[in-house]
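Heads up: the structure comes next, in structure tokens.
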Amino acid sequence: MPHRPFLRAWAAAAFALFPGLAALPAAAREDAFKIGLILPMTGQQASTGRQIEAAARLWMAQNGDTVAGRKVRLIVRDDTSLPDVTRRLAQELVVNEKVDVLAGMGITPSAMVTAPLATQSKTPLVVMAAATSGITEASPYVVRSSFTLPQVSVALADWAPRNGIRKVVTLVSDYAPGIDAEKFFSQRLLSHGGQVTEALRVPLRGPDFAPFLQKVRDARPDALFVFVPSGAGAAVMKQFLERGLDKAGIRLIATGDVTDDDQLNGMGDGALGVISSHHYSAAHPSPLNKKFVLAFEKANPGLRPNFMAVGGYDGMRMIYEALKSTRGAGGGDALLAAMKGQVFESPRGPVYIDAQTRDIVQNVYLRRVERVNGQLYNVEFDTIEGVKDPGKSR
């Protein structure tokens, strides 16, 4: 598979930095059941950490901090989105804190450097944010509660040619999730007779979108397809409008990271009408989601839950249900087995954890930015049900 050389390289580097971990004893744990939540709480992806921690704490507030007789303790660590920091924190949590589960992982490189540690210590790693397809192939102990970029990208590539969009420029952040989005969107669009005239990749750190957007304006495609990580969407939208791409007749279509619920109101009327595809919107009309949004906003004034929040909320549910299934005994292999195959109703809709891939199977929604009761929301207008990760379906 195309991901394997990349994964082997990550694994080799990480094993070298974890001497002796393979021989960690299966020592008796403290009575508390510990979840080590590693997130970017500061830096460029700080909004990801803020959303996931808030959702994890909301789950605990709603469901208690004792499961099957075990007190649950959440240990939050800030990795500032730097993989070297993630690796050190994960090692400390496993060796010193003896956590039962690792979780979080704001970006793909953080998940990749943690995966070998999860394997060696037999600690389940619940990926609540990072969205590269190949992450679950990096360790048999990885389970995902977020999404993958191929899942949400292909839906938009199906929609575009049916709606007069055939000539597209792609613009993605230059790291694994962006490359996934570019690849799977482009392949699907080409299969429908569309054309990708240029593929632009923007540096992940300190991106300046302006020169890339000028290239797009000069190319005059029907649309610009964009993926950027959570927190960067507002900058793309601002510069898209400043460069006058909308006035030049170029449509903006994107994965839901760009029209992030957490930032959408701040984007202003220029965001109205933008079409995106994603697995969660704060405007999802189910009764369960309405309750979730109300509870989240009450617990976190001024903060609207986004797709990162639902990844954290559902990840905590998966952990709690697994601990219940083991009757409080825990144990890495038993917890992992209990997470595989879980089926439940999420605020995002029905989900299923594929027992073979350990990836989430979920609905993907096509959405349009609209003003509802004076606020901007991603309003769903179509549903693609039960989408598996296309990166693993071949």
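Quick note on naming: the chains in the structure tokens go A, B, ... in the order shown, residues restart at 1 in each chain, and ligands are numbered from 1 in order of appearance.
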List every residue of range 53-91 of chain A that has an atom at most 9 Å from any atom of range 107-123 of chain A, giving for each one its closest atom pair and the distance in Å to one decimal, counting only C-alpha atoms, sorted by chain and then by ascending residue number, as CSV.
```
residue,atom,partner,partner_atom,distance
A:Asp79,CA,A:Ser110,CA,8.5
A:Ser81,CA,A:Ile107,CA,6.8
A:Leu82,CA,A:Ser110,CA,7.1
A:Pro83,CA,A:Ser110,CA,4.6
A:Asp84,CA,A:Ser110,CA,8.0
A:Val85,CA,A:Ser110,CA,8.5
A:Thr86,CA,A:Ser110,CA,5.8
A:Arg87,CA,A:Thr114,CA,5.8
A:Ala90,CA,A:Thr114,CA,6.6
A:Gln91,CA,A:Leu117,CA,7.3
```
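Residues surrounding Thr197 in chain A within 12 Å are Arg166, Lys167, Val168, Val169, Thr170, Leu171, Ser186, Leu189, Leu190, Lys215, Val216, Asp218, Ala219, Arg220, Pro221, Asp222, Ala223, Leu224 and Phe225 of chain A [only C-alpha atoms; sequence separation below 4 positions excluded].
For the residues A:Tyr377, A:Phe344, A:Phe212, A:Phe185, ranking by smallest atom-to-atom distance to Ile360 in chain A using only C-alpha atoms places A:Phe344 first.
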Could you build a table of the residues in range 264-321 of chain A lying no more than 10 Å from range 32-47 of chain A, giving for each the nearest pair of atoms and their separation in Å rounded to one decimal place, using only C-alpha atoms, ordered by chain and ascending residue number, as a tab-separated table?
```
residue	atom	partner	partner_atom	distance
A:Asn306	CA	A:Ser47	CA	9.7
A:Met308	CA	A:Ser47	CA	8.8
A:Ala309	CA	A:Ser47	CA	9.9
A:Gly312	CA	A:Leu37	CA	9.8
A:Met316	CA	A:Ile35	CA	9.3
A:Ile319	CA	A:Ile35	CA	8.8
```
Distance query His192 in chain A at most 8 Å, only C-alpha atoms, self and fewer than 4 positions along chain excluded, as a PyMOL selection string:
chain A and resi 158+161+188
Generate a file of the selected residues that holds N, CA and C atoms, formatted as a PDB file, in the first residue's frame.
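Everything below was put into selection.pdb:
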```
ATOM      1  N   ASP A 158     -17.643  14.344  -6.312  1.00  0.00           N
ATOM      2  CA  ASP A 158     -18.851  13.829  -6.967  1.00  0.00           C
ATOM      3  C   ASP A 158     -19.843  14.956  -7.244  1.00  0.00           C
ATOM      4  N   PRO A 161     -18.909  18.268 -10.577  1.00  0.00           N
ATOM      5  CA  PRO A 161     -19.254  18.243 -12.001  1.00  0.00           C
ATOM      6  C   PRO A 161     -20.759  18.252 -12.265  1.00  0.00           C
ATOM      7  N   ARG A 188     -11.129  11.400  -8.124  1.00  0.00           N
ATOM      8  CA  ARG A 188     -12.570  11.258  -8.316  1.00  0.00           C
ATOM      9  C   ARG A 188     -13.086  12.257  -9.346  1.00  0.00           C
TER      10      ARG A 188
END
```
**Prompt:** In range 147-247 of chain A, what's helix (DSSP H, G or I) per DSSP? Answer as number ranges by chain?
**Reply:** A: 149-162, 176-191, 210-219, 233-242
Margin query: With only C-alpha atoms as the counted atoms, please give the residues lying no more than 12 Å from Asp246 in chain A, apart from itself and same-chain residues fewer than 5 positions off, as a ChimeraX atom specification.
Written below: /A:213,216-217,220-224,237-241,251-253,270-274
Backbone DSSP call of strand (DSSP E or B) for range 46-264 of chain A, listed as a count of residues only = 46
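You can rank A:Pro347, A:Gly331, A:Pro177, A:Pro301 by their closest distance to Pro229 in chain A using only C-alpha atoms, and at the top of that list sits A:Pro177.
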Hey, can you check how far CA of Asp257 in chain A sits from CA of His278 in chain A?
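Those two atoms sit 8.0 Å apart.
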Name the residues in contact with His279 in chain A at a cut-off of 10 Å, using only C-alpha atoms, excluding same-chain residues fewer than 6 positions from it; report them as a PDB file with all heavy atoms, in the first residue's frame.
```
ATOM      1  N   SER A 146     -12.278  10.361  14.687  1.00  0.00           N
ATOM      2  CA  SER A 146     -12.416  11.622  13.946  1.00  0.00           C
ATOM      3  C   SER A 146     -12.976  11.373  12.555  1.00  0.00           C
ATOM      4  O   SER A 146     -14.176  11.158  12.379  1.00  0.00           O
ATOM      5  CB  SER A 146     -11.070  12.352  13.900  1.00  0.00           C
ATOM      6  OG  SER A 146     -10.038  11.522  13.390  1.00  0.00           O
ATOM      7  N   PHE A 147     -12.118  11.369  11.540  1.00  0.00           N
ATOM      8  CA  PHE A 147     -12.519  11.172  10.148  1.00  0.00           C
ATOM      9  C   PHE A 147     -11.250  11.013   9.338  1.00  0.00           C
ATOM     10  O   PHE A 147     -10.151  11.104   9.881  1.00  0.00           O
ATOM     11  CB  PHE A 147     -13.339  12.373   9.645  1.00  0.00           C
ATOM     12  CG  PHE A 147     -12.526  13.639   9.438  1.00  0.00           C
ATOM     13  CD1 PHE A 147     -12.286  14.122   8.155  1.00  0.00           C
ATOM     14  CD2 PHE A 147     -12.014  14.357  10.515  1.00  0.00           C
ATOM     15  CE1 PHE A 147     -11.540  15.286   7.961  1.00  0.00           C
ATOM     16  CE2 PHE A 147     -11.280  15.516  10.326  1.00  0.00           C
ATOM     17  CZ  PHE A 147     -11.035  15.984   9.042  1.00  0.00           C
ATOM     18  N   THR A 148     -11.377  10.783   8.030  1.00  0.00           N
ATOM     19  CA  THR A 148     -10.218  10.830   7.150  1.00  0.00           C
ATOM     20  C   THR A 148     -10.504  11.814   6.025  1.00  0.00           C
ATOM     21  O   THR A 148     -11.661  12.016   5.630  1.00  0.00           O
ATOM     22  CB  THR A 148      -9.849   9.461   6.543  1.00  0.00           C
ATOM     23  OG1 THR A 148     -10.759   9.126   5.492  1.00  0.00           O
ATOM     24  CG2 THR A 148      -9.840   8.369   7.597  1.00  0.00           C
ATOM     25  N   GLN A 151     -12.388  10.395   3.036  1.00  0.00           N
ATOM     26  CA  GLN A 151     -13.824  10.271   3.294  1.00  0.00           C
ATOM     27  C   GLN A 151     -14.594  11.507   2.842  1.00  0.00           C
ATOM     28  O   GLN A 151     -15.652  11.395   2.222  1.00  0.00           O
ATOM     29  CB  GLN A 151     -14.074  10.088   4.804  1.00  0.00           C
ATOM     30  CG  GLN A 151     -14.216   8.674   5.276  1.00  0.00           C
ATOM     31  CD  GLN A 151     -14.551   8.602   6.757  1.00  0.00           C
ATOM     32  OE1 GLN A 151     -14.110   9.417   7.559  1.00  0.00           O
ATOM     33  NE2 GLN A 151     -15.322   7.601   7.129  1.00  0.00           N
ATOM     34  N   VAL A 152     -14.086  12.669   3.216  1.00  0.00           N
ATOM     35  CA  VAL A 152     -14.860  13.884   2.956  1.00  0.00           C
ATOM     36  C   VAL A 152     -14.543  14.525   1.616  1.00  0.00           C
ATOM     37  O   VAL A 152     -15.337  15.320   1.097  1.00  0.00           O
ATOM     38  CB  VAL A 152     -14.682  14.910   4.100  1.00  0.00           C
ATOM     39  CG1 VAL A 152     -15.192  14.330   5.416  1.00  0.00           C
ATOM     40  CG2 VAL A 152     -13.238  15.364   4.249  1.00  0.00           C
ATOM     41  N   THR A 255     -13.175  21.142   2.004  1.00  0.00           N
ATOM     42  CA  THR A 255     -13.511  20.264   3.122  1.00  0.00           C
ATOM     43  C   THR A 255     -13.957  21.148   4.287  1.00  0.00           C
ATOM     44  O   THR A 255     -13.661  22.339   4.328  1.00  0.00           O
ATOM     45  CB  THR A 255     -12.301  19.409   3.524  1.00  0.00           C
ATOM     46  OG1 THR A 255     -11.214  20.274   3.884  1.00  0.00           O
ATOM     47  CG2 THR A 255     -11.873  18.490   2.392  1.00  0.00           C
ATOM     48  N   GLY A 256     -14.650  20.556   5.241  1.00  0.00           N
ATOM     49  CA  GLY A 256     -15.250  21.347   6.305  1.00  0.00           C
ATOM     50  C   GLY A 256     -14.278  22.035   7.234  1.00  0.00           C
ATOM     51  O   GLY A 256     -14.685  22.887   8.031  1.00  0.00           O
ATOM     52  N   PHE A 307     -16.048  20.128  14.463  1.00  0.00           N
ATOM     53  CA  PHE A 307     -15.804  18.710  14.192  1.00  0.00           C
ATOM     54  C   PHE A 307     -14.742  18.127  15.110  1.00  0.00           C
ATOM     55  O   PHE A 307     -14.729  16.919  15.368  1.00  0.00           O
ATOM     56  CB  PHE A 307     -15.443  18.512  12.716  1.00  0.00           C
ATOM     57  CG  PHE A 307     -14.156  19.143  12.277  1.00  0.00           C
ATOM     58  CD1 PHE A 307     -13.010  18.386  12.121  1.00  0.00           C
ATOM     59  CD2 PHE A 307     -14.085  20.502  12.007  1.00  0.00           C
ATOM     60  CE1 PHE A 307     -11.826  18.966  11.703  1.00  0.00           C
ATOM     61  CE2 PHE A 307     -12.905  21.084  11.575  1.00  0.00           C
ATOM     62  CZ  PHE A 307     -11.764  20.319  11.431  1.00  0.00           C
ATOM     63  N   VAL A 310     -16.606  17.000  18.330  1.00  0.00           N
ATOM     64  CA  VAL A 310     -17.352  15.739  18.232  1.00  0.00           C
ATOM     65  C   VAL A 310     -16.397  14.549  18.187  1.00  0.00           C
ATOM     66  O   VAL A 310     -16.713  13.468  18.704  1.00  0.00           O
ATOM     67  CB  VAL A 310     -18.325  15.764  17.030  1.00  0.00           C
ATOM     68  CG1 VAL A 310     -17.637  15.429  15.720  1.00  0.00           C
ATOM     69  CG2 VAL A 310     -19.494  14.828  17.255  1.00  0.00           C
ATOM     70  N   ARG A 348     -23.026  13.643  15.365  1.00  0.00           N
ATOM     71  CA  ARG A 348     -22.832  13.790  13.913  1.00  0.00           C
ATOM     72  C   ARG A 348     -23.773  12.903  13.113  1.00  0.00           C
ATOM     73  O   ARG A 348     -23.907  13.055  11.905  1.00  0.00           O
ATOM     74  CB  ARG A 348     -21.381  13.462  13.553  1.00  0.00           C
ATOM     75  CG  ARG A 348     -21.017  11.999  13.651  1.00  0.00           C
ATOM     76  CD  ARG A 348     -19.535  11.720  13.400  1.00  0.00           C
ATOM     77  NE  ARG A 348     -18.764  11.707  14.637  1.00  0.00           N
ATOM     78  CZ  ARG A 348     -17.456  11.520  14.699  1.00  0.00           C
ATOM     79  NH1 ARG A 348     -16.760  11.309  13.593  1.00  0.00           N
ATOM     80  NH2 ARG A 348     -16.824  11.525  15.854  1.00  0.00           N
ATOM     81  N   GLY A 349     -24.391  11.899  13.758  1.00  0.00           N
ATOM     82  CA  GLY A 349     -25.212  10.904  13.076  1.00  0.00           C
ATOM     83  C   GLY A 349     -24.746   9.504  13.454  1.00  0.00           C
ATOM     84  O   GLY A 349     -23.922   9.330  14.355  1.00  0.00           O
ATOM     85  N   GLN A 362     -19.016   6.573   8.728  1.00  0.00           N
ATOM     86  CA  GLN A 362     -19.963   7.625   9.115  1.00  0.00           C
ATOM     87  C   GLN A 362     -20.573   8.280   7.893  1.00  0.00           C
ATOM     88  O   GLN A 362     -20.107   8.111   6.764  1.00  0.00           O
ATOM     89  CB  GLN A 362     -19.237   8.675   9.945  1.00  0.00           C
ATOM     90  CG  GLN A 362     -18.076   9.343   9.210  1.00  0.00           C
ATOM     91  CD  GLN A 362     -17.187  10.151  10.125  1.00  0.00           C
ATOM     92  OE1 GLN A 362     -17.645  10.725  11.105  1.00  0.00           O
ATOM     93  NE2 GLN A 362     -15.902  10.215   9.811  1.00  0.00           N
ATOM     94  N   ASN A 363     -21.617   9.072   8.137  1.00  0.00           N
ATOM     95  CA  ASN A 363     -22.215   9.867   7.073  1.00  0.00           C
ATOM     96  C   ASN A 363     -21.296  11.039   6.733  1.00  0.00           C
ATOM     97  O   ASN A 363     -20.617  11.585   7.603  1.00  0.00           O
ATOM     98  CB  ASN A 363     -23.575  10.419   7.502  1.00  0.00           C
ATOM     99  CG  ASN A 363     -24.628   9.347   7.662  1.00  0.00           C
ATOM    100  OD1 ASN A 363     -24.440   8.207   7.251  1.00  0.00           O
ATOM    101  ND2 ASN A 363     -25.748   9.702   8.263  1.00  0.00           N
ATOM    102  N   VAL A 364     -21.316  11.422   5.477  1.00  0.00           N
ATOM    103  CA  VAL A 364     -20.670  12.655   5.031  1.00  0.00           C
ATOM    104  C   VAL A 364     -21.759  13.547   4.460  1.00  0.00           C
ATOM    105  O   VAL A 364     -22.646  13.077   3.730  1.00  0.00           O
ATOM    106  CB  VAL A 364     -19.576  12.377   3.982  1.00  0.00           C
ATOM    107  CG1 VAL A 364     -19.046  13.679   3.387  1.00  0.00           C
ATOM    108  CG2 VAL A 364     -18.430  11.585   4.607  1.00  0.00           C
ATOM    109  N   TYR A 365     -21.708  14.824   4.809  1.00  0.00           N
ATOM    110  CA  TYR A 365     -22.758  15.765   4.426  1.00  0.00           C
ATOM    111  C   TYR A 365     -22.207  16.836   3.491  1.00  0.00           C
ATOM    112  O   TYR A 365     -21.094  17.332   3.689  1.00  0.00           O
ATOM    113  CB  TYR A 365     -23.333  16.448   5.669  1.00  0.00           C
ATOM    114  CG  TYR A 365     -23.806  15.473   6.725  1.00  0.00           C
ATOM    115  CD1 TYR A 365     -22.976  15.121   7.799  1.00  0.00           C
ATOM    116  CD2 TYR A 365     -25.058  14.870   6.644  1.00  0.00           C
ATOM    117  CE1 TYR A 365     -23.387  14.217   8.758  1.00  0.00           C
ATOM    118  CE2 TYR A 365     -25.488  13.968   7.600  1.00  0.00           C
ATOM    119  CZ  TYR A 365     -24.649  13.647   8.656  1.00  0.00           C
ATOM    120  OH  TYR A 365     -25.066  12.737   9.606  1.00  0.00           O
ATOM    121  N   LEU A 366     -22.991  17.185   2.505  1.00  0.00           N
ATOM    122  CA  LEU A 366     -22.715  18.375   1.705  1.00  0.00           C
ATOM    123  C   LEU A 366     -23.443  19.529   2.375  1.00  0.00           C
ATOM    124  O   LEU A 366     -24.617  19.402   2.762  1.00  0.00           O
ATOM    125  CB  LEU A 366     -23.203  18.181   0.274  1.00  0.00           C
ATOM    126  CG  LEU A 366     -22.380  17.158  -0.522  1.00  0.00           C
ATOM    127  CD1 LEU A 366     -23.100  16.763  -1.803  1.00  0.00           C
ATOM    128  CD2 LEU A 366     -20.995  17.705  -0.857  1.00  0.00           C
ATOM    129  N   ARG A 367     -22.735  20.655   2.549  1.00  0.00           N
ATOM    130  CA  ARG A 367     -23.274  21.792   3.306  1.00  0.00           C
ATOM    131  C   ARG A 367     -23.063  23.094   2.540  1.00  0.00           C
ATOM    132  O   ARG A 367     -22.124  23.233   1.764  1.00  0.00           O
ATOM    133  CB  ARG A 367     -22.583  21.926   4.665  1.00  0.00           C
ATOM    134  CG  ARG A 367     -22.501  20.671   5.513  1.00  0.00           C
ATOM    135  CD  ARG A 367     -21.147  19.975   5.396  1.00  0.00           C
ATOM    136  NE  ARG A 367     -20.036  20.881   5.651  1.00  0.00           N
ATOM    137  CZ  ARG A 367     -19.600  21.212   6.886  1.00  0.00           C
ATOM    138  NH1 ARG A 367     -20.126  20.634   7.944  1.00  0.00           N
ATOM    139  NH2 ARG A 367     -18.599  22.058   7.040  1.00  0.00           N
ATOM    140  N   THR A 383     -26.840  14.040   1.988  1.00  0.00           N
ATOM    141  CA  THR A 383     -26.168  13.083   2.867  1.00  0.00           C
ATOM    142  C   THR A 383     -25.691  11.884   2.067  1.00  0.00           C
ATOM    143  O   THR A 383     -26.451  11.310   1.285  1.00  0.00           O
ATOM    144  CB  THR A 383     -27.127  12.586   3.968  1.00  0.00           C
ATOM    145  OG1 THR A 383     -27.609  13.698   4.716  1.00  0.00           O
ATOM    146  CG2 THR A 383     -26.416  11.612   4.903  1.00  0.00           C
ATOM    147  N   ILE A 384     -24.428  11.519   2.253  1.00  0.00           N
ATOM    148  CA  ILE A 384     -23.887  10.272   1.710  1.00  0.00           C
ATOM    149  C   ILE A 384     -23.710   9.357   2.918  1.00  0.00           C
ATOM    150  O   ILE A 384     -22.901   9.633   3.804  1.00  0.00           O
ATOM    151  CB  ILE A 384     -22.554  10.489   0.974  1.00  0.00           C
ATOM    152  CG1 ILE A 384     -22.738  11.494  -0.172  1.00  0.00           C
ATOM    153  CG2 ILE A 384     -22.038   9.171   0.409  1.00  0.00           C
ATOM    154  CD1 ILE A 384     -22.463  12.921   0.203  1.00  0.00           C
ATOM    155  N   VAL A 387     -20.100   6.167   4.958  1.00  0.00           N
ATOM    156  CA  VAL A 387     -18.896   6.261   4.138  1.00  0.00           C
ATOM    157  C   VAL A 387     -17.696   5.641   4.874  1.00  0.00           C
ATOM    158  O   VAL A 387     -17.332   6.078   5.961  1.00  0.00           O
ATOM    159  CB  VAL A 387     -18.594   7.723   3.776  1.00  0.00           C
ATOM    160  CG1 VAL A 387     -17.323   7.817   2.920  1.00  0.00           C
ATOM    161  CG2 VAL A 387     -19.774   8.362   3.053  1.00  0.00           C
TER     162      VAL A 387
END
```
TODO: Tell me which protein, DNA and RNA residues are within 12 Å of range 63-76 of chain A, counting only C-alpha atoms, leaving out same-chain ones fewer than 3 positions away, and put them as a VMD selection string.
DONE: chain A and resid 29 to 41 49 to 50 52 to 54 56 to 60 79 86 89 to 90 92 to 94 97 to 105 313 316 to 317 319 to 330
